[in-house]
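File shown here: query_11.tsv, holding TSV, C-alpha atoms.
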```tsv
chain	number	residue	atom	x	y	z
A	1	MET	CA	0.00	0.00	0.00
A	2	THR	CA	1.39	3.36	-1.05
A	3	GLU	CA	2.12	5.78	1.77
A	4	ARG	CA	0.34	9.10	1.97
A	5	ALA	CA	1.92	12.39	2.98
A	6	LEU	CA	0.60	13.51	6.37
A	7	GLY	CA	-0.08	17.05	5.32
A	8	ALA	CA	3.01	19.30	5.48
A	9	SER	CA	4.40	17.47	8.53
A	10	GLY	CA	7.19	15.87	6.56
A	11	LEU	CA	5.86	12.47	7.64
A	12	SER	CA	4.38	9.81	5.35
A	13	ILE	CA	2.18	6.99	6.58
A	14	ARG	CA	0.12	4.13	5.24
A	15	PRO	CA	-3.67	4.57	5.50
A	16	PHE	CA	-3.83	2.66	8.78
A	17	VAL	CA	-2.64	3.93	12.18
A	18	LEU	CA	-2.44	1.57	15.14
A	19	GLY	CA	-4.25	2.91	18.19
A	20	GLY	CA	-2.29	2.57	21.42
A	21	ASN	CA	-5.11	3.32	23.86
A	22	VAL	CA	-5.53	-0.36	24.77
A	23	PHE	CA	-1.90	-0.94	25.78
A	24	GLY	CA	-1.67	-1.24	29.54
A	25	MET	CA	-5.46	-1.15	29.77
A	26	THR	CA	-7.35	-4.00	28.09
A	27	ALA	CA	-4.10	-5.41	26.70
A	28	GLY	CA	-1.48	-6.46	29.22
A	29	ARG	CA	2.24	-6.84	28.56
A	30	GLU	CA	2.07	-10.13	26.66
A	31	ALA	CA	-0.86	-9.08	24.48
A	32	SER	CA	0.53	-5.58	23.86
A	33	PHE	CA	3.94	-6.93	22.86
A	34	ALA	CA	2.31	-9.48	20.53
A	35	VAL	CA	0.28	-6.79	18.76
A	36	LEU	CA	3.24	-4.44	18.45
A	37	ASP	CA	5.52	-7.21	17.19
A	38	ARG	CA	2.93	-8.16	14.58
A	39	PHE	CA	2.56	-4.52	13.54
A	40	VAL	CA	6.27	-4.41	12.76
A	41	GLU	CA	5.96	-7.71	10.86
A	42	HIS	CA	3.28	-6.04	8.74
A	43	GLY	CA	5.65	-3.22	7.90
A	44	GLY	CA	5.03	-0.91	10.82
A	45	GLY	CA	3.83	2.63	10.40
A	46	MET	CA	2.41	5.07	12.93
A	47	ILE	CA	1.21	4.26	16.45
A	48	ASP	CA	-1.06	6.78	18.16
A	49	THR	CA	-1.18	7.19	21.94
A	50	ALA	CA	-1.58	9.93	24.59
A	51	ASP	CA	-0.32	10.85	28.03
A	52	VAL	CA	-3.84	10.47	29.45
A	53	TYR	CA	-4.22	6.80	28.40
A	54	SER	CA	-5.60	5.26	30.62
A	55	ALA	CA	-6.19	7.62	33.55
A	56	TRP	CA	-9.93	6.81	33.66
A	57	VAL	CA	-9.27	3.23	34.81
A	58	PRO	CA	-9.38	2.78	38.60
A	59	GLY	CA	-5.84	2.65	39.92
A	60	HIS	CA	-4.34	4.22	36.80
A	61	LYS	CA	-2.91	7.73	36.64
A	62	GLY	CA	-2.24	8.15	32.92
A	63	GLY	CA	0.84	7.22	30.95
A	64	GLU	CA	0.16	3.48	31.09
A	65	SER	CA	0.00	3.18	27.30
A	66	GLU	CA	3.22	5.13	26.76
A	67	SER	CA	4.98	3.08	29.44
A	68	MET	CA	3.91	-0.17	27.80
A	69	MET	CA	5.09	1.06	24.42
A	70	GLY	CA	8.36	2.15	25.99
A	71	ALA	CA	8.92	-1.28	27.50
A	72	TRP	CA	8.27	-2.87	24.12
A	73	LEU	CA	10.56	-0.43	22.30
A	74	LYS	CA	13.37	-1.26	24.73
A	75	ALA	CA	12.84	-4.99	24.35
A	76	SER	CA	12.33	-4.99	20.57
A	77	GLY	CA	14.71	-2.30	19.37
A	78	ALA	CA	12.08	-1.43	16.79
A	79	ARG	CA	12.09	2.37	17.10
A	80	ASP	CA	13.25	2.81	13.50
A	81	SER	CA	10.30	0.75	12.25
A	82	ILE	CA	7.57	3.01	13.61
A	83	LEU	CA	6.44	6.59	13.95
A	84	ILE	CA	5.09	7.70	17.32
A	85	ALA	CA	2.22	10.12	17.78
A	86	THR	CA	1.20	11.15	21.28
A	87	LYS	CA	-0.83	13.95	22.85
A	88	VAL	CA	-1.01	16.51	25.63
A	89	GLY	CA	-3.94	18.50	26.99
A	90	MET	CA	-6.42	16.17	28.68
A	91	MET	CA	-4.63	16.04	32.03
A	92	PRO	CA	-4.81	18.80	34.70
A	93	GLY	CA	-3.09	21.93	33.44
A	94	GLY	CA	-4.47	21.58	29.94
A	95	LEU	CA	-2.29	23.36	27.40
A	96	LYS	CA	-0.57	25.83	29.67
A	97	PRO	CA	3.02	26.22	28.41
A	98	ASP	CA	4.57	24.89	31.61
A	99	ARG	CA	2.26	21.87	31.45
A	100	ILE	CA	3.25	21.19	27.84
A	101	ARG	CA	6.94	21.32	28.77
A	102	GLU	CA	6.39	18.99	31.72
A	103	ALA	CA	4.15	16.64	29.77
A	104	VAL	CA	6.45	16.18	26.81
A	105	GLN	CA	9.32	15.20	29.08
A	106	GLY	CA	7.08	12.70	30.82
A	107	SER	CA	6.07	11.20	27.47
A	108	LEU	CA	9.69	11.01	26.28
A	109	ASP	CA	10.73	9.30	29.52
A	110	ARG	CA	7.89	6.77	29.46
A	111	LEU	CA	8.41	5.99	25.78
A	112	GLY	CA	12.18	5.87	26.20
A	113	VAL	CA	12.75	7.92	23.04
A	114	ASP	CA	14.55	11.16	22.18
A	115	THR	CA	12.00	12.41	19.66
A	116	ILE	CA	8.22	12.33	19.24
A	117	ASP	CA	7.29	12.25	15.57
A	118	LEU	CA	3.88	13.90	15.91
A	119	TYR	CA	2.71	15.73	19.04
A	120	PHE	CA	-0.98	16.61	19.30
A	121	ALA	CA	-2.84	19.15	21.36
A	122	HIS	CA	-5.41	16.62	22.57
A	123	LYS	CA	-8.19	19.18	22.83
A	124	ASP	CA	-8.59	22.93	22.56
A	125	ASP	CA	-7.88	24.91	25.73
A	126	PRO	CA	-9.79	28.20	25.42
A	127	ASP	CA	-8.23	29.46	28.67
A	128	VAL	CA	-4.76	29.64	27.12
A	129	PRO	CA	-4.08	32.06	24.22
A	130	LEU	CA	-3.31	30.18	21.02
A	131	GLY	CA	-0.06	32.09	20.66
A	132	GLU	CA	1.14	30.75	24.00
A	133	VAL	CA	0.18	27.19	23.09
A	134	LEU	CA	1.93	27.38	19.72
A	135	GLY	CA	4.91	29.12	21.32
A	136	ALA	CA	5.36	26.22	23.71
A	137	PHE	CA	5.13	23.74	20.84
A	138	ALA	CA	7.67	25.85	18.92
A	139	GLU	CA	10.18	25.36	21.72
A	140	LEU	CA	9.82	21.60	21.37
A	141	VAL	CA	10.21	21.68	17.60
A	142	ASP	CA	13.23	23.99	17.83
A	143	ALA	CA	14.80	21.68	20.41
A	144	GLY	CA	14.37	18.72	18.06
A	145	ILE	CA	12.30	16.66	20.49
A	146	VAL	CA	9.12	17.00	18.40
A	147	ARG	CA	9.14	16.71	14.61
A	148	ALA	CA	5.61	17.97	13.84
A	149	ILE	CA	2.53	19.17	15.72
A	150	GLY	CA	-1.16	18.49	15.32
A	151	ALA	CA	-4.54	19.32	16.82
A	152	SER	CA	-7.31	17.02	18.02
A	153	ASN	CA	-10.90	17.94	18.89
A	154	TYR	CA	-10.61	21.52	17.62
A	155	SER	CA	-13.55	23.19	15.93
A	156	ALA	CA	-13.08	24.51	12.41
A	157	ASP	CA	-13.14	28.09	13.69
A	158	ARG	CA	-10.51	27.50	16.37
A	159	LEU	CA	-8.29	25.50	14.03
A	160	ALA	CA	-8.48	28.29	11.46
A	161	GLU	CA	-7.58	30.82	14.14
A	162	ALA	CA	-4.64	28.69	15.26
A	163	LEU	CA	-3.33	28.53	11.70
A	164	ARG	CA	-3.70	32.29	11.34
A	165	VAL	CA	-1.89	32.96	14.63
A	166	ALA	CA	0.93	30.65	13.61
A	167	ASP	CA	1.38	32.36	10.25
A	168	GLU	CA	1.27	35.87	11.69
A	169	ALA	CA	3.68	35.09	14.54
A	170	GLY	CA	6.04	32.89	12.55
A	171	LEU	CA	5.27	29.88	14.75
A	172	PRO	CA	4.95	26.22	13.69
A	173	ARG	CA	1.61	25.32	12.18
A	174	PHE	CA	-0.58	22.43	13.14
A	175	THR	CA	0.04	20.12	10.18
A	176	ALA	CA	-2.31	17.31	11.21
A	177	MET	CA	-5.81	17.02	12.62
A	178	GLN	CA	-7.35	14.16	14.60
A	179	PRO	CA	-11.17	14.24	14.60
A	180	GLU	CA	-13.80	11.60	15.27
A	181	LEU	CA	-15.02	9.98	12.06
A	182	ASN	CA	-16.77	6.74	11.25
A	183	LEU	CA	-19.74	5.63	9.17
A	184	LEU	CA	-22.16	6.58	11.95
A	185	ASP	CA	-20.44	9.64	13.43
A	186	ARG	CA	-19.56	12.21	10.79
A	187	ALA	CA	-20.65	15.55	12.24
A	188	GLN	CA	-17.31	16.52	13.82
A	189	TYR	CA	-15.35	16.18	10.58
A	190	GLU	CA	-17.71	16.59	7.64
A	191	GLY	CA	-18.49	20.14	6.59
A	192	ALA	CA	-16.44	23.12	7.77
A	193	LEU	CA	-13.60	21.16	9.41
A	194	GLN	CA	-13.14	18.87	6.44
A	195	ASP	CA	-13.20	21.82	4.04
A	196	LEU	CA	-10.58	23.62	6.12
A	197	CYS	CA	-8.28	20.60	6.36
A	198	VAL	CA	-8.45	20.07	2.60
A	199	ALA	CA	-7.94	23.75	1.80
A	200	GLU	CA	-5.00	24.12	4.19
A	201	GLY	CA	-3.44	20.77	3.32
A	202	LEU	CA	-3.58	19.25	6.80
A	203	GLY	CA	-3.11	15.55	7.28
A	204	VAL	CA	-6.09	13.87	8.96
A	205	VAL	CA	-6.04	10.75	11.13
A	206	THR	CA	-9.38	9.74	12.61
A	207	TYR	CA	-10.34	8.23	15.95
A	208	PHE	CA	-13.31	6.00	16.84
A	209	SER	CA	-13.04	4.77	13.24
A	210	LEU	CA	-14.97	1.60	14.18
A	211	ALA	CA	-17.59	3.40	16.31
A	212	SER	CA	-16.36	1.84	19.57
A	213	GLY	CA	-16.45	-1.59	17.96
A	214	TYR	CA	-20.04	-1.40	16.74
A	215	LEU	CA	-19.02	-1.47	13.08
A	216	THR	CA	-17.28	-4.82	13.57
A	217	GLY	CA	-20.76	-6.36	13.65
A	218	LYS	CA	-20.27	-7.71	17.16
A	219	TYR	CA	-23.23	-5.84	18.65
A	220	ARG	CA	-26.27	-6.45	16.46
A	221	SER	CA	-28.86	-6.33	19.24
A	222	VAL	CA	-29.21	-5.11	22.80
A	223	ASP	CA	-28.74	-8.73	23.92
A	224	ASP	CA	-25.29	-8.75	22.28
A	225	ILE	CA	-24.16	-5.89	24.50
A	226	GLY	CA	-24.56	-7.89	27.70
A	227	GLY	CA	-22.18	-6.62	30.35
A	228	SER	CA	-19.73	-5.13	27.86
A	229	ALA	CA	-17.95	-1.98	29.02
A	230	ARG	CA	-18.75	-0.59	25.60
A	231	GLY	CA	-22.48	-0.93	26.24
A	232	PRO	CA	-23.22	2.76	26.92
A	233	ARG	CA	-21.38	3.74	23.73
A	234	VAL	CA	-22.85	1.18	21.35
A	235	LYS	CA	-26.44	1.06	22.60
A	236	PRO	CA	-27.41	4.27	20.75
A	237	TYR	CA	-26.14	2.69	17.52
A	238	VAL	CA	-28.11	-0.50	18.13
A	239	GLU	CA	-31.28	1.50	18.74
A	240	GLY	CA	-30.63	4.03	15.99
A	241	LYS	CA	-29.15	3.92	12.48
A	242	GLY	CA	-26.76	1.11	13.26
A	243	PRO	CA	-28.76	-1.86	11.96
A	244	ALA	CA	-29.36	-0.21	8.58
A	245	MET	CA	-25.65	0.53	8.29
A	246	LEU	CA	-24.68	-3.03	9.17
A	247	ALA	CA	-27.10	-4.29	6.51
A	248	ALA	CA	-25.40	-2.12	3.89
A	249	MET	CA	-22.02	-3.34	5.07
A	250	ASP	CA	-23.16	-6.96	5.00
A	251	ALA	CA	-24.09	-6.54	1.33
A	252	ILE	CA	-20.64	-5.19	0.50
A	253	ALA	CA	-19.00	-7.95	2.56
A	254	ALA	CA	-20.83	-10.47	0.39
A	255	GLU	CA	-19.55	-8.72	-2.75
A	256	THR	CA	-15.94	-8.33	-1.66
A	257	GLY	CA	-15.24	-11.07	0.88
A	258	ALA	CA	-13.98	-8.38	3.25
A	259	THR	CA	-14.91	-8.20	6.92
A	260	LEU	CA	-17.07	-5.42	8.32
A	261	SER	CA	-14.09	-3.92	10.15
A	262	GLN	CA	-12.12	-3.76	6.92
A	263	ILE	CA	-15.05	-2.14	5.11
A	264	ALA	CA	-15.51	0.46	7.84
A	265	LEU	CA	-11.82	1.40	7.80
A	266	ALA	CA	-11.61	1.44	4.00
A	267	TRP	CA	-14.58	3.83	3.87
A	268	VAL	CA	-12.88	6.23	6.29
A	269	ALA	CA	-9.59	6.03	4.39
A	270	ALA	CA	-11.43	6.95	1.17
A	271	GLN	CA	-13.00	10.16	2.53
A	272	PRO	CA	-11.70	13.47	1.14
A	273	GLY	CA	-8.85	14.85	3.18
A	274	VAL	CA	-8.37	11.72	5.32
A	275	THR	CA	-4.84	10.35	5.51
A	276	ALA	CA	-5.58	7.32	7.70
A	277	PRO	CA	-8.05	5.88	10.19
A	278	ILE	CA	-6.87	4.84	13.65
A	279	ALA	CA	-7.90	1.44	15.00
A	280	SER	CA	-6.83	-0.56	18.05
A	281	ALA	CA	-6.23	-4.29	18.45
A	282	THR	CA	-5.87	-6.41	21.57
A	283	THR	CA	-4.60	-9.54	19.78
A	284	ALA	CA	-2.23	-10.14	16.89
A	285	GLU	CA	-5.02	-11.93	15.02
A	286	GLN	CA	-7.29	-8.93	15.39
A	287	LEU	CA	-4.55	-6.70	14.00
A	288	ASP	CA	-4.17	-9.05	11.02
A	289	GLU	CA	-7.82	-8.47	10.20
A	290	LEU	CA	-7.78	-4.71	10.71
A	291	ILE	CA	-4.64	-4.08	8.70
A	292	GLY	CA	-6.21	-6.10	5.89
A	293	SER	CA	-8.20	-2.92	5.19
A	294	LEU	CA	-5.08	-1.67	3.39
A	295	ASP	CA	-5.79	-4.16	0.59
A	296	LEU	CA	-9.47	-3.26	0.21
A	297	VAL	CA	-10.49	-0.72	-2.41
A	298	LEU	CA	-14.19	0.06	-2.37
A	299	SER	CA	-15.87	1.04	-5.63
A	300	ASP	CA	-17.54	4.41	-6.06
A	301	GLU	CA	-20.89	2.64	-5.92
A	302	GLN	CA	-20.00	0.87	-2.68
A	303	LEU	CA	-18.73	4.07	-1.09
A	304	ALA	CA	-21.92	5.87	-2.09
A	305	ALA	CA	-24.10	3.09	-0.72
A	306	LEU	CA	-22.35	3.24	2.63
A	307	SER	CA	-22.51	7.02	2.79
A	308	ALA	CA	-26.23	6.93	2.08
A	309	ALA	CA	-27.10	4.13	4.53
```

Same coordinates, now as structure tokens:
Amino acid sequence: MTERALGASGLSIRPFVLGGNVFGMTAGREASFAVLDRFVEHGGGMIDTADVYSAWVPGHKGGESESMMGAWLKASGARDSILIATKVGMMPGGLKPDRIREAVQGSLDRLGVDTIDLYFAHKDDPDVPLGEVLGAFAELVDAGIVRAIGASNYSADRLAEALRVADEAGLPRFTAMQPELNLLDRAQYEGALQDLCVAEGLGVVTYFSLASGYLTGKYRSVDDIGGSARGPRVKPYVEGKGPAMLAAMDAIAAETGATLSQIALAWVAAQPGVTAPIASATTAEQLDELIGSLDLVLSDEQLAALSAA
């Protein structure tokens, strides 16, 4: 699969990014190492994580994913085979410059690396002037510990303002955007944000690309949810437009022989402006299936049918 330029970041990636949110959470050391080893066997690429993963789990404080990745990097020696994207901004302190400086050092230490390839502002912090946020990121870029910067969960208006501030002040631009996008959740990206990303040439990597697992076809009824931790997230899909979407996907699965996960990821990868979807795996076999989306090319008719479902 041909790599795609990630906007003007100077980075190129395949249209599949491995999500690291599960490492140290639902995937322990053995499972995490197996998935990461298999990712390298498949040719590697970008892994996306964050300093906040997985602070919401009882007994966790954040940084568990980065620490697990760091342990694997030390054991495998595979740093040259992957690109690392991580984020700052969800923990106390938000995007205050001192917090950014502290957070990046914490991420570097946990990951055991000298450089972060792509560093995201995890969410907008309206309490901190954009010039101060970008100024702090500029320090990291100038110091060579961050190669490129991106924004996640920014509105189109705030992203446009950030780009303007960067240009006027001579500061580094956000060169990548990370919004939510999947077949059932399109509102955050489609429209103004998508138009801006395309017009400004930003790379786009999308989260929740499988709609919290619903688009795998695992949860076709309320009974399928059972005691799953994903229940609160997937129940609205089950009771809403989800069944119609799965029916459309089932028809394309019959035509192509692809799995529903592969179809969902291939649809995201085909959307205007999108560089790659992000998806997580807790087993090597699951990764094999997900990364198979790289070999699936949906026809214009299939893409239209999914978009209309």

Next item on the list: For Tyr119 (chain A), please output as a list in words all residues within 7 Å (counting all atoms listed in the file; exclusion window: fewer than 6 positions along the same chain).
Entry: Ala85, Thr86, Lys87, Val146, Ala148, Ile149 and Gly150 of chain A

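Using all atoms listed in the file, the nearest neighbour of Val205 (chain A) within the list A:Gly10, A:Pro232, A:Pro172, A:Gly19 is A:Gly19.
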
Note to self: Residues within 10 Å of (-4.4, 14.5, 16.4), file coordinates, counting only C-alpha atoms: what are they? Give the list as a PyMOL selection string.
What the structure shows: chain A and resi 48-50+85-87+118-123+149-154+174-180+203-207

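The nearest approach to Gln188 (chain A) among the residues A:Ser155, A:Ser261, A:Thr115, A:Ser32, with all atoms listed in the file taken into account, belongs to A:Ser155.
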
Notebook entry, point to check: Excluding same-chain residues fewer than 4 positions from Ser307 (chain A), what lies within 9 Å of it counting all atoms listed in the file, as a list in words?
Noted result: Leu183, Trp267, Gln302 and Leu303 of chain A

Create the file for the chosen residues now, containing C-alpha atoms and written as a compact mmCIF listing (two decimals), in the coordinates of the input.
```txt
# COMPACT_ATOMS: atom_id res chain seq x y z
CA LEU A 183 -19.74 5.63 9.17
CA TRP A 267 -14.58 3.83 3.87
CA GLN A 302 -20.00 0.87 -2.68
CA LEU A 303 -18.73 4.07 -1.09
```

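Between CA of Leu306 (chain A) and CA of Asp223 (chain A) there is a distance of 25.2 Å.
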
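Interatomic distance, CA of Val222 (chain A) to CA of Ala247 (chain A): 16.4 Å.
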
So for region 16-34 of chain A, what box centre and size do we get, axis-aligned, 8 Å extra on each of the six sides, every listed atom, Å to one decimal, as AutoDock Vina command-line options?
```
--center_x -1.7 --center_y -3.1 --center_z 19.3 --size_x 27.3 --size_y 30.1 --size_z 37.0
```

Next item on the list: In the coordinates of the file, take the point (1.6, 25.7, 16.7) and a cut-off of 7 Å; then, counting only C-alpha atoms, name each qualifying protein, DNA or RNA residue as a list of chain:residue names.
Entry: A:Val133, A:Leu134, A:Gly135, A:Phe137, A:Ala138, A:Ile149, A:Ala166, A:Leu171, A:Pro172, A:Arg173, A:Phe174

Notebook entry, point to check: Which residue out of A:Ala143, A:Leu196, A:Ala304, A:Ala309 has the minimum interatomic distance to Gln271 (chain A) when only C-alpha atoms are used?
Noted result: A:Ala304

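If you look at CA of Leu296 (chain A) and CA of Thr282 (chain A), they are 21.9 Å away from each other.
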
Note to self: Restricting the calculation to all atoms listed in the file: of A:Ser81, A:Leu184, A:Arg147, A:Ala269, which residue gets closest to Ser9 (chain A)?
What the structure shows: A:Arg147

Item checked: Best match for closeness to Val88 (chain A) among A:Gly59, A:Gly170, A:Gly106, A:Gly201, counting only C-alpha atoms -> A:Gly106

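Here the question is which of A:Arg79, A:His42, A:Arg164, A:Lys61 gets nearest to Glu285 (chain A) using only C-alpha atoms, and that residue is A:His42.
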